[in-house]
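Colleague: Here it is, the structure in full.
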Amino acid sequence: VFQADWFNYFFLGNVMRHLHGHFLPRYERPRTFMGVTFSDELYGHYPNDNDDYIITVPQEVLYAMKDKLADALK
């Protein structure tokens with residue numbers, strides 16, 4: 001939906017007896033959605049949970065993203 005340049009994926013199941021997956025879209029260049037610019041500062045490197053890269057996204061932007069993803073899956 002947001003034209004990711006690459007995806008990192010993780011499948012986990014080592015703590016609980018179920019398997020779940022994480023799909024992390026990666027972006028070489030910044031993307032802007034509803035006036036919020038998202039930048040993947042670690043593109044090409046292993047993503048980490050460094051708080052320096054966390055941005056606060058308004059709730060209405062998150063809901064609009066959810067709706068756009070849901071529409072693409074119909």
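Numbering starts fresh at 1 for the residues of each chain in the structure tokens, the chains themselves are lettered A, B, ... in the order given, and ligands are numbered from 1 as they appear.
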Show me, as a ChimeraX atom specification, the residues that have an atom within 8 Å of region 14-25 of chain A when counting only C-alpha atoms, minus same-chain residues fewer than 6 positions from it.
Modeller: /A:4-8
Colleague: Selection from above, C-alpha atoms, as a PDB file, in the first residue's frame, can you write it?
Modeller:
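Output file selection04.pdb is given in full below:
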ATOM      1  CA  ALA A   4       7.878  -0.434   0.646  1.00  0.00           C
ATOM      2  CA  ASP A   5      11.312  -0.933  -0.909  1.00  0.00           C
ATOM      3  CA  TRP A   6      11.989  -4.071   1.123  1.00  0.00           C
ATOM      4  CA  PHE A   7      10.504  -6.167   3.920  1.00  0.00           C
ATOM      5  CA  ASN A   8      12.166  -7.659   6.959  1.00  0.00           C
TER       6      ASN A   8
END
Colleague: For region 34-50 of chain A, please output as a list in words all residues within 9 Å (counting only C-alpha atoms; exclusion window: fewer than 6 positions along the same chain).
Modeller: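 My list of contacting residues is Trp6, Asn8, Leu24, Arg26, Tyr27, Glu28, Val57, Pro58, Val61 and Ala64 of chain A.
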Colleague: Please produce a file of the residues just selected, as a tab-separated table (two decimals), in the first residue's frame, where the atoms kept are C-alpha atoms.
Modeller:
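Final output, saved to out_27.tsv:
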chain	number	residue	atom	x	y	z
A	6	TRP	CA	11.99	-4.07	1.12
A	8	ASN	CA	12.17	-7.66	6.96
A	24	LEU	CA	8.45	-4.79	8.81
A	26	ARG	CA	11.53	-0.81	4.92
A	27	TYR	CA	11.83	2.44	2.99
A	28	GLU	CA	14.91	3.78	1.23
A	57	VAL	CA	1.72	9.64	15.07
A	58	PRO	CA	-1.68	11.27	15.60
A	61	VAL	CA	-3.39	9.16	10.91
A	64	ALA	CA	-6.44	6.33	8.10
Colleague: Which residues come within 10 Å of Asp71 (chain A), counting only C-alpha atoms, excluding same-chain residues fewer than 5 positions away, as an MDAnalysis selection string?
Modeller: chainID A and resid 1 65:66
Colleague: Grab the residues selected above and save them as an mmCIF file, in the first residue's frame with all heavy atoms.
Modeller:
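Written file, result-v3.cif:
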data_model
loop_
_atom_site.group_PDB
_atom_site.id
_atom_site.type_symbol
_atom_site.label_atom_id
_atom_site.label_comp_id
_atom_site.auth_asym_id
_atom_site.auth_seq_id
_atom_site.Cartn_x
_atom_site.Cartn_y
_atom_site.Cartn_z
ATOM 1 N N VAL A 1 0.821 -1.192 0.000
ATOM 2 C CA VAL A 1 0.000 0.000 0.000
ATOM 3 C C VAL A 1 0.865 1.256 0.000
ATOM 4 O O VAL A 1 0.569 2.227 -0.673
ATOM 5 C CB VAL A 1 -0.959 0.006 1.210
ATOM 6 C CG1 VAL A 1 -1.641 1.336 1.382
ATOM 7 C CG2 VAL A 1 -1.981 -1.097 1.070
ATOM 8 N N MET A 65 -4.392 5.019 8.098
ATOM 9 C CA MET A 65 -3.492 3.966 7.600
ATOM 10 C C MET A 65 -4.176 2.606 7.660
ATOM 11 O O MET A 65 -4.110 1.823 6.714
ATOM 12 C CB MET A 65 -2.201 3.919 8.420
ATOM 13 C CG MET A 65 -1.294 5.087 8.240
ATOM 14 S SD MET A 65 0.062 4.960 9.416
ATOM 15 C CE MET A 65 1.431 5.113 8.309
ATOM 16 N N LYS A 66 -4.828 2.340 8.781
ATOM 17 C CA LYS A 66 -5.546 1.070 8.946
ATOM 18 C C LYS A 66 -6.609 0.919 7.864
ATOM 19 O O LYS A 66 -6.726 -0.135 7.241
ATOM 20 C CB LYS A 66 -6.193 0.996 10.332
ATOM 21 C CG LYS A 66 -7.065 -0.233 10.544
ATOM 22 C CD LYS A 66 -7.884 -0.133 11.806
ATOM 23 C CE LYS A 66 -8.944 0.914 11.746
ATOM 24 N NZ LYS A 66 -10.183 0.577 11.069
#
Colleague: Could you tell me how far CA of Lys74 (chain A) lies from CA of Leu62 (chain A), in Å and to one decimal?
Modeller: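 It comes out at 18.8 Å.
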Colleague: Have a look at CA of Leu69 (chain A) and CA of Thr32 (chain A) and let me know their distance in Å, one decimal.
Modeller: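 That distance, rounded to one decimal, is 15.5 Å.
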